[in-house]
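Enquirer: Please see the structure below; I have some questions.
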Amino acid sequence: MGNLVSLLAAVFMTLQSLPANSAEQEDAAISSEGLSESTQACIACHSHYTPGIVHDWLTSRHAKTRPAEALKKPQIKRRISADTLPAELSAFRVGCFECHSRNAKQHADNFEHMGFRINVVVSPEDCRTCHPEEVTQFSGSKKANAIKNLMENPMYHAMVRELTGVKKLDQGHLVTAAPSESTLHESCLGCHGTKVRVKGIKQVTTPSGDIPVPDLTNWPNQGVGRENPDGSIGSCTACHPRHAFSIEVARQPFTCAQCHLEPDVPAWDVYKESKHGNIFFSSRQHWDLSAVPWTAGKDFTAPTCATCHNSLVVSPVGAVLSERTHDFGSRLWVRLFGLIYSHAQPISGNTTIIKNDDGQPLPTTFSGAPASKYLIDQQEQRSRLKQMKTICNACHNTDWINGHFAKLDKTIKETDNMSHTATDLMNVAWKRGLEDRSNPFDEPIEHRWLKQWLFYANAIRYASAMTGAPDYTAFKLGWWEMTDNLAEMQDLIELKTAVKEMKKGK
Amino acid sequence: MGNLVSLLAAVFMTLQSLPANSAEQEDAAISSEGLSESTQACIACHSHYTPGIVHDWLTSRHAKTRPAEALKKPQIKRRISADTLPAELSAFRVGCFECHSRNAKQHADNFEHMGFRINVVVSPEDCRTCHPEEVTQFSGSKKANAIKNLMENPMYHAMVRELTGVKKLDQGHLVTAAPSESTLHESCLGCHGTKVRVKGIKQVTTPSGDIPVPDLTNWPNQGVGRENPDGSIGSCTACHPRHAFSIEVARQPFTCAQCHLEPDVPAWDVYKESKHGNIFFSSRQHWDLSAVPWTAGKDFTAPTCATCHNSLVVSPVGAVLSERTHDFGSRLWVRLFGLIYSHAQPISGNTTIIKNDDGQPLPTTFSGAPASKYLIDQQEQRSRLKQMKTICNACHNTDWINGHFAKLDKTIKETDNMSHTATDLMNVAWKRGLEDRSNPFDEPIEHRWLKQWLFYANAIRYASAMTGAPDYTAFKLGWWEMTDNLAEMQDLIELKTAVKEMKKGK
Amino acid sequence: MGNLVSLLAAVFMTLQSLPANSAEQEDAAISSEGLSESTQACIACHSHYTPGIVHDWLTSRHAKTRPAEALKKPQIKRRISADTLPAELSAFRVGCFECHSRNAKQHADNFEHMGFRINVVVSPEDCRTCHPEEVTQFSGSKKANAIKNLMENPMYHAMVRELTGVKKLDQGHLVTAAPSESTLHESCLGCHGTKVRVKGIKQVTTPSGDIPVPDLTNWPNQGVGRENPDGSIGSCTACHPRHAFSIEVARQPFTCAQCHLEPDVPAWDVYKESKHGNIFFSSRQHWDLSAVPWTAGKDFTAPTCATCHNSLVVSPVGAVLSERTHDFGSRLWVRLFGLIYSHAQPISGNTTIIKNDDGQPLPTTFSGAPASKYLIDQQEQRSRLKQMKTICNACHNTDWINGHFAKLDKTIKETDNMSHTATDLMNVAWKRGLEDRSNPFDEPIEHRWLKQWLFYANAIRYASAMTGAPDYTAFKLGWWEMTDNLAEMQDLIELKTAVKEMKKGK
């Protein structure tokens, strides 16, 4: 192998005309100590061809740590959950080849590259080698099932299709074409993930010549529920971006904010306006965002998304306030995200199995009845709420916390009622034939109905849950919009009814 | 008392099963030196039950400072405004008990807790012990009167009621219920503050057993005008959050941004897009946000909200550019916030006493005439403008400053004219019976009228005042929206008039 | 000159009553070593009168560097592009007088101030002394021509006029007055720049007495295309604000974000939601934002605006990935900003010379045909795309990059098609006489048409180009809005047609 490295380095030096002293600097910068020979070979070329990746990786814990050493830490401080590790990995720092060569047989994207067999896409199943608990938790979550939950649900699929298809004016009518893969990829599936399949091998012209690589569909994509060429689902890089694999990045709300934001899931927007957000933005320069475990009050003085939803959080005296989880719904009891109404969390991360009383694949009926069989029961809800309160308790007393959640309960009911009133108006419009319910997402009154539950009611509930954003709730995307929206729906119904009757009268 | 501390610690140790070495670490971390015995007792338990609070407090100046030492500083560097302090306080670091036990007789929320009499809510009157000037200034401000100014003004109260009440469809009509306390609390009163009253004593089940605590209404809340159980108004923690009481946090615009933002008071949004904001976001890592006094050019190179509105600002040669104030309107001459039109600042922080020429409790009539008797006169306006210019002068020359404020004057007039045109259209709609003026906030054209002055005209004036946000002013929430809004109001009037006449014709 | 300095200092001391020890501190802080005598005189007064400017300058490289030393650096590390410098400048640190006294004859704003002849406005031509390449590049750019490109193009001028003029209701009709200079200045020209002319000399009353200064039009302004009193165009301070002239500020997206944002050019908004933005916000505290050259992977781990659009970027082994440019369009092949449709980049930074096939001064016709003669050809487009890919290649492999740009191409076509459908609907409305095409920007359906291409199609293309913001593209200002907008346009056409026919029928 050592010969190959030399060969590659030689090939490289003939291809590239760099000042010799620069190359020397580089050699000095990246120590080969503790690196596998294969990874050394990767770096020999890629520190010239994609140097940003290599240097990003150099900032990572992977680049500094031999897994065998990681196992020597006390359990609570470990960032790996495996008890034993493959012999070929434990003695080397975790480099390019260690991750990109895993489970080659499962990887349809495995290919020969400069004398090595590597995979293009590193999947959760590859990460499982050192992080099995995280992958198991994640794989059962709604996030891991994000493509299916959106695209295999006929209701949401109709929404996606109506939303993202190109419209043309044909004989006075707007006609919607089927959405393109690329637009789906840049909108809904940018977050939910794409299906990455191998079509074959293609030649790519690169700065270092023509190179054969797997021909992948819907690539690049890092959506959280991505379907990978090894058959696995999920993309760890969605939250631990690129080659730094940084817990410091993942714990900051900017990461979650790529997908959970205004107008449909404005978690980030209301966090920004909350007291928790105020403290985060003003004080994070004093925090330790990398510590494991993460100590409330010491490492941070206000929660980020990760604190409440997935981190291993301890108190300064060492009590575990919450165990680490990568099933991001597992600490939640109620699903604030209205479809059409809020409801208890689904039992399964795969929500396509849900059927409501009207036979629709929705967690509630249009009139609000929950599909209880598919949702967690009251006992489980109480248990999860109690766990969440333990985290709040790090900084807030019990009465404060109870007061907070009592408000949330009331807000859930009121916003569901406001969505219900929109549904009532929608039913008037449908019954009078002003709009056509066969596609409930393609006409103006229908669009207002959707905004009521998907934008406004959601926003108010998120703000309530996060103890903040009163002006957002009042005027930005909350009560003002819900109120104005109902008035506009009614006004449009009256205008359209009058025009319809007039036309009939003629 | 020492015995009690031991007893509590013992009780605690039986309740909690923590590794012994963790508890030892904790003991080492929090030194009891300089702490009152009572505060030591608080910490003995709360470092286990609500450790985040305790550690947040450890980051504070309160935790490090004996008031007696604070008094030794030269006047200009002091953060306390009292000349003398109660003997029982001056020798101890400012801990839990020092603040939570003040003025017990006035506190309806005073109760017995583990052998101590404490108050749940620390009010401005308690802070007055060391910070009397700040509390006096604040108490006369519009902020301190924020509940009354909103809820006891019949006009705004109608707006709040229409906005936040749940709507139902009843016999084809939208009917608005009275808003719930909790929704008011999460929207308008989240910023303005709630009325916190003691209903009695209740048992709360906590991780350390059942505990009797005062049963408070509308709690928790940290709205700036909160009415407290000791009869005082205001909440210092609105801007100096939690137990860090940090001037560094209060001086950063993220704090003001919790309430002063898009769409009704978009001060934060336009600051972000201004040159001042650009410099703040790009350079604050080099600033000293904690220094007292705060030196322009040295400690910061662009103003935050606090710089212009309330901080003690000096020049690098020691000249005082502006005295500290906690009456946040006291440096302002014009009130940009339109109700319905901009106007001179009110004389009193209690604006419910205002009556305009039409007998309405508004600073101007619907046609724009100011309620001059209740507003500061031109001499006072000039004096305040001159003071503000002194701050600008730290970095800008006089001609630059004059040019800036000349633009602001013109913008105030033009935006008021644009609001006036919306009022003219509204009057057409009301006169033709297209909408009903008895409630001016519940129908679609009325909603557009409100947006004209409350959203768009406000936004443009804020942007003008802050030397920035030209694209915001052009397209986001400014001239484009004002222009489109008028066109839509007129279009709706024409459509509704036609339909009304058609119906009459039948 | 030394005498004058003493005199000024003496005058100053009689005007100002400062504690002696503060003044001494100040003297100590600002060393006169390496400063010209004239600049020493400026500082003697201005450290008292506008101390923020002086101290801002003290943080700058200008304040620390003699140009002669700057020339000794290796080419790649230089921040100046001149090979030789005027003798009177090279030996002094770059202070007040060095910049404010340049090219006096060209400066209509040159005036006598306390015994010195200085210019109020420092223009690009003054900066050219040390930075000639940057000024030459910038002066040929669209940015430098930003006033003309907006205000001398009859189409855009009509939009500006309709947008920013005050509207009055006159005989039932909305009548638009000509926009005021100050409102233009605070909206469109805040970014594009104002025409700063000298009307004469005026007396200004300052804290140090009455002072004669040039009477400037439209001042202050730092719009990027400002027309200066020396006849030059551009404002370097637009991106290198105030007296710190900081490359660290200019490289952060907060700077670009003052003008390139929601809703018409939401580059900033989509960057924030992209993976690049995620990494910037979470990691920039570890970056070196001042280094020249700027090393990908080492100095930064994700691009900011400057990385891709203008910075000198090198790889860690010293390969130049992109040369520095201050013509910000010169690395771009396609103009995503739709007018009405996206198109190849214009050849000239002066876009007023463009004429499309219908004789309009637009880069495409209303039906989408490009004014190819004025746009770069396919070969130039390919060459620029290749250069951009070299930057991407720092961190991404070729297949990844190709996949990214293939998506962008598709998105450009689809969004143009969606704009085309809006134009088709608009033509229906115009042909039926529902709205009047003589002014295409003043009626409700026309406003929706404008939003389709100026807000929504732009937003989607920016997001696509920046590999991010899928939720923005889906729901915030993208496909949802485009879809809803078309449905609303069609609905309004139907309602207005029915009402029009009904009125005719009467």
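Labels used: A, B, ... for chains in the order of the structure tokens, numbers from 1 for residues in each chain, and numbers from 1 for ligands as shown.
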Using DSSP on the backbone coordinates, identify all residues within range 296-388 of chain C classified as strand (DSSP E); present the result as JSON, numbers by chain.
Expert: {"C": [313, 314, 320, 321, 322, 334, 335, 343, 344]}
Enquirer: I need the chosen residues saved as a compact mmCIF listing (two decimals), in the first residue's frame, with N, CA and C atoms.
Expert:
# COMPACT_ATOMS: atom_id res chain seq x y z
N VAL C 313 -9.08 33.86 -3.12
CA VAL C 313 -9.16 32.62 -2.34
C VAL C 313 -8.06 31.66 -2.79
N VAL C 314 -7.35 31.11 -1.83
CA VAL C 314 -6.31 30.13 -2.16
C VAL C 314 -6.59 28.83 -1.41
N VAL C 320 -3.99 29.29 -6.24
CA VAL C 320 -4.99 30.36 -6.29
C VAL C 320 -6.28 29.81 -6.89
N LEU C 321 -7.34 29.82 -6.12
CA LEU C 321 -8.62 29.30 -6.60
C LEU C 321 -9.40 30.39 -7.32
N SER C 322 -9.25 31.63 -6.87
CA SER C 322 -9.90 32.74 -7.57
C SER C 322 -9.16 34.02 -7.24
N VAL C 334 -25.02 33.78 -15.39
CA VAL C 334 -26.44 34.02 -15.59
C VAL C 334 -26.89 35.07 -14.58
N ARG C 335 -27.83 35.91 -14.99
CA ARG C 335 -28.38 36.89 -14.07
C ARG C 335 -29.69 36.32 -13.55
N HIS C 343 -31.59 35.80 -17.38
CA HIS C 343 -30.92 35.96 -18.67
C HIS C 343 -29.41 35.93 -18.46
N ALA C 344 -28.65 35.84 -19.55
CA ALA C 344 -27.19 35.88 -19.44
C ALA C 344 -26.77 37.24 -18.88
Enquirer: Which residues are near Trp479 in chain A? Cut-off 8 Å, only C-alpha atoms, ignore same chain within fewer than 5 positions. Put them as a PDB file with all heavy atoms, in the first residue's frame.
Expert:
ATOM      1  N   TYR A 456     -50.531  29.495  10.572  1.00  0.00           N
ATOM      2  CA  TYR A 456     -50.833  30.342  11.732  1.00  0.00           C
ATOM      3  C   TYR A 456     -51.023  29.535  13.012  1.00  0.00           C
ATOM      4  O   TYR A 456     -50.442  29.866  14.048  1.00  0.00           O
ATOM      5  CB  TYR A 456     -52.059  31.207  11.441  1.00  0.00           C
ATOM      6  CG  TYR A 456     -51.997  31.901  10.104  1.00  0.00           C
ATOM      7  CD1 TYR A 456     -53.107  31.984   9.263  1.00  0.00           C
ATOM      8  CD2 TYR A 456     -50.804  32.476   9.646  1.00  0.00           C
ATOM      9  CE1 TYR A 456     -53.049  32.611   8.022  1.00  0.00           C
ATOM     10  CE2 TYR A 456     -50.731  33.105   8.400  1.00  0.00           C
ATOM     11  CZ  TYR A 456     -51.870  33.170   7.602  1.00  0.00           C
ATOM     12  OH  TYR A 456     -51.807  33.788   6.379  1.00  0.00           O
ATOM     13  N   ILE A 460     -48.495  29.695  16.398  1.00  0.00           N
ATOM     14  CA  ILE A 460     -48.916  30.047  17.759  1.00  0.00           C
ATOM     15  C   ILE A 460     -48.575  28.923  18.728  1.00  0.00           C
ATOM     16  O   ILE A 460     -48.105  29.169  19.844  1.00  0.00           O
ATOM     17  CB  ILE A 460     -50.429  30.340  17.772  1.00  0.00           C
ATOM     18  CG1 ILE A 460     -50.700  31.619  16.976  1.00  0.00           C
ATOM     19  CG2 ILE A 460     -50.950  30.467  19.202  1.00  0.00           C
ATOM     20  CD1 ILE A 460     -52.168  31.863  16.699  1.00  0.00           C
ATOM     21  N   THR A 473     -46.789  35.859  17.896  1.00  0.00           N
ATOM     22  CA  THR A 473     -48.102  35.272  18.136  1.00  0.00           C
ATOM     23  C   THR A 473     -49.221  36.285  17.924  1.00  0.00           C
ATOM     24  O   THR A 473     -50.309  35.945  17.466  1.00  0.00           O
ATOM     25  CB  THR A 473     -48.133  34.731  19.578  1.00  0.00           C
ATOM     26  OG1 THR A 473     -47.201  33.663  19.669  1.00  0.00           O
ATOM     27  CG2 THR A 473     -49.508  34.236  19.961  1.00  0.00           C
ATOM     28  N   ALA A 474     -48.946  37.534  18.285  1.00  0.00           N
ATOM     29  CA  ALA A 474     -49.986  38.554  18.138  1.00  0.00           C
ATOM     30  C   ALA A 474     -50.143  38.963  16.680  1.00  0.00           C
ATOM     31  O   ALA A 474     -51.228  38.866  16.113  1.00  0.00           O
ATOM     32  CB  ALA A 474     -49.655  39.771  19.000  1.00  0.00           C
TER      33      ALA A 474
ATOM     34  N   LEU B 163     -58.646  40.810  18.043  1.00  0.00           N
ATOM     35  CA  LEU B 163     -57.500  40.045  17.563  1.00  0.00           C
ATOM     36  C   LEU B 163     -57.409  38.673  18.208  1.00  0.00           C
ATOM     37  O   LEU B 163     -57.160  37.668  17.535  1.00  0.00           O
ATOM     38  CB  LEU B 163     -56.238  40.842  17.907  1.00  0.00           C
ATOM     39  CG  LEU B 163     -54.960  40.506  17.181  1.00  0.00           C
ATOM     40  CD1 LEU B 163     -55.085  40.910  15.729  1.00  0.00           C
ATOM     41  CD2 LEU B 163     -53.780  41.221  17.824  1.00  0.00           C
ATOM     42  N   THR B 164     -57.560  38.628  19.502  1.00  0.00           N
ATOM     43  CA  THR B 164     -57.162  37.428  20.253  1.00  0.00           C
ATOM     44  C   THR B 164     -58.313  36.544  20.710  1.00  0.00           C
ATOM     45  O   THR B 164     -58.076  35.507  21.334  1.00  0.00           O
ATOM     46  CB  THR B 164     -56.331  37.841  21.487  1.00  0.00           C
ATOM     47  OG1 THR B 164     -57.100  38.773  22.249  1.00  0.00           O
ATOM     48  CG2 THR B 164     -55.022  38.484  21.081  1.00  0.00           C
TER      49      THR B 164
END
Enquirer: Contacts between chain C and chain A, please, where a residue of chain A counts if it comes within 7 Å (with only C-alpha atoms); show its shortest atom pair and distance in Å to one decimal, rows by chain and ascending number, as a Markdown table.
Expert:
| residue | atom | partner | partner_atom | distance |
| --- | --- | --- | --- | --- |
| A:Leu18 | CA | C:Ala319 | CA | 6.6 |
| A:Ser22 | CA | C:Val317 | CA | 5.0 |
| A:Ala23 | CA | C:Val317 | CA | 5.6 |
| A:Glu26 | CA | C:Val317 | CA | 5.7 |
| A:His48 | CA | C:Val317 | CA | 6.9 |
| A:Tyr49 | CA | C:Ala394 | CA | 7.0 |
| A:Thr50 | CA | C:Ala394 | CA | 4.7 |
| A:Pro51 | CA | C:Ala394 | CA | 5.6 |
| A:Gly52 | CA | C:Gly297 | CA | 4.0 |
| A:Ile53 | CA | C:Cys395 | CA | 4.9 |
| A:His55 | CA | C:Gly297 | CA | 4.9 |
| A:Asp56 | CA | C:Gly297 | CA | 5.7 |
| A:Leu163 | CA | C:Trp480 | CA | 5.5 |
| A:Thr164 | CA | C:Trp479 | CA | 5.7 |
| A:Val166 | CA | C:Met418 | CA | 6.3 |
| A:Lys167 | CA | C:Met418 | CA | 6.3 |
| A:Lys168 | CA | C:Thr421 | CA | 5.5 |
| A:Leu169 | CA | C:Thr421 | CA | 6.0 |
| A:Ser182 | CA | C:Lys407 | CA | 5.6 |
| A:Thr183 | CA | C:Thr411 | CA | 6.7 |
| A:Glu186 | CA | C:Pro470 | CA | 5.3 |
| A:Ser187 | CA | C:Pro470 | CA | 4.2 |
| A:Cys188 | CA | C:Ala474 | CA | 6.2 |
| A:Gly190 | CA | C:Pro470 | CA | 5.2 |
| A:Cys191 | CA | C:Pro470 | CA | 6.5 |
| A:Val204 | CA | C:Asp399 | CA | 6.6 |
| A:Thr206 | CA | C:Thr398 | CA | 5.9 |
| A:Trp219 | CA | C:Gly403 | CA | 6.2 |
| A:Pro220 | CA | C:Trp400 | CA | 5.7 |
| A:Val249 | CA | C:Ser282 | CA | 5.4 |
| A:Gln252 | CA | C:Ser282 | CA | 6.5 |
| A:Phe254 | CA | C:Asn278 | CA | 5.3 |
| A:Thr255 | CA | C:Asn278 | CA | 5.6 |
| A:Ala257 | CA | C:Glu273 | CA | 6.7 |
| A:Gln258 | CA | C:Glu273 | CA | 4.7 |
| A:Cys259 | CA | C:Asp471 | CA | 6.1 |
| A:Glu262 | CA | C:Lys476 | CA | 6.6 |
| A:Pro263 | CA | C:Lys476 | CA | 6.0 |
| A:Glu443 | CA | C:Ala487 | CA | 6.0 |
| A:Pro444 | CA | C:Glu488 | CA | 5.9 |
| A:His447 | CA | C:Asp484 | CA | 6.8 |
| A:Val499 | CA | C:Ala498 | CA | 6.8 |
Enquirer: By how many Å are CA of Val198 in chain A and CA of His62 in chain A apart?
Expert: 28.3 Å
Enquirer: Mind the document's chain letters and residue numbers, and return as a PyMOL selection string the residues of range 269-342 of chain C that DSSP labels alpha helix (DSSP H).
Expert: chain C and resi 269-273+275-283+305-309
Enquirer: Take CA of Ala104 in chain B and CA of His46 in chain B and report the distance between them in Å, one decimal.
Expert: 21.2 Å
Enquirer: What does the structure give for the distance between CA of Leu189 in chain B and CA of Met151 in chain B, in Å to one decimal?
Expert: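 We find that CA of Leu189 in chain B and CA of Met151 in chain B lie 9.4 Å from each other.
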Enquirer: Need the shell around Ala68 in chain B: protein/DNA/RNA residues with any atom at most 8 Å away, counting only C-alpha atoms. Skip same-chain ones fewer than 6 positions apart. Format as a list in words?
Expert: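 Surrounding residues, per the criterion: Leu85, Ser90 and Ala91 of chain B.
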Enquirer: Which residues are close to Ser81 in chain C, i.e. within 8 Å by only C-alpha atoms, leaving aside same-chain residues fewer than 3 positions away? Reply as a list in words.
Expert: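 Neighbouring residues, sequence-local ones excluded: Arg78, Cys130, His131, Pro132, Glu133 and Glu134 of chain C.
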Enquirer: Restricting the output to N, CA and C atoms, write the selected residues as a PDB file, in the first residue's frame.
Expert:
ATOM      1  N   ARG C  78      -0.548  41.248  -0.391  1.00  0.00           N
ATOM      2  CA  ARG C  78      -0.780  42.693  -0.388  1.00  0.00           C
ATOM      3  C   ARG C  78      -2.257  43.036  -0.377  1.00  0.00           C
ATOM      4  N   CYS C 130      -3.942  54.155  -3.772  1.00  0.00           N
ATOM      5  CA  CYS C 130      -3.284  52.921  -3.315  1.00  0.00           C
ATOM      6  C   CYS C 130      -3.946  51.653  -3.857  1.00  0.00           C
ATOM      7  N   HIS C 131      -5.208  51.777  -4.282  1.00  0.00           N
ATOM      8  CA  HIS C 131      -5.990  50.593  -4.660  1.00  0.00           C
ATOM      9  C   HIS C 131      -6.508  50.706  -6.099  1.00  0.00           C
ATOM     10  N   PRO C 132      -5.627  50.918  -7.081  1.00  0.00           N
ATOM     11  CA  PRO C 132      -6.113  51.194  -8.440  1.00  0.00           C
ATOM     12  C   PRO C 132      -6.865  50.042  -9.094  1.00  0.00           C
ATOM     13  N   GLU C 133      -6.407  48.819  -8.890  1.00  0.00           N
ATOM     14  CA  GLU C 133      -7.084  47.706  -9.565  1.00  0.00           C
ATOM     15  C   GLU C 133      -8.512  47.544  -9.085  1.00  0.00           C
ATOM     16  N   GLU C 134      -8.686  47.676  -7.780  1.00  0.00           N
ATOM     17  CA  GLU C 134     -10.020  47.516  -7.202  1.00  0.00           C
ATOM     18  C   GLU C 134     -10.968  48.577  -7.779  1.00  0.00           C
TER      19      GLU C 134
END
Enquirer: Quick one: residues within 8 Å of Ser311 in chain C, only C-alpha atoms counted, chain neighbours fewer than 3 positions away excluded, as a ChimeraX atom specification?
Expert: /C:294,306-308,322-325
Enquirer: Give me, as a PyMOL selection string, all polymer residues having an atom no more than 9 Å from Cys256 in chain B, counting only C-alpha atoms and skipping those fewer than 6 positions away in the same chain.
Expert: (chain A and resi 278) or (chain B and resi 239+250+267-268+305-306)
Enquirer: Could those residues be written to a file, using C-alpha atoms, as a compact mmCIF listing (two decimals), in the first residue's frame?
Expert:
# COMPACT_ATOMS: atom_id res chain seq x y z
CA ASN A 278 -32.34 36.19 23.66
CA CYS B 239 -34.35 43.10 29.93
CA ALA B 250 -29.41 44.11 28.12
CA ALA B 267 -37.23 48.41 15.27
CA TRP B 268 -35.17 45.23 15.41
CA CYS B 305 -30.56 50.13 21.01
CA ALA B 306 -29.24 50.85 24.51
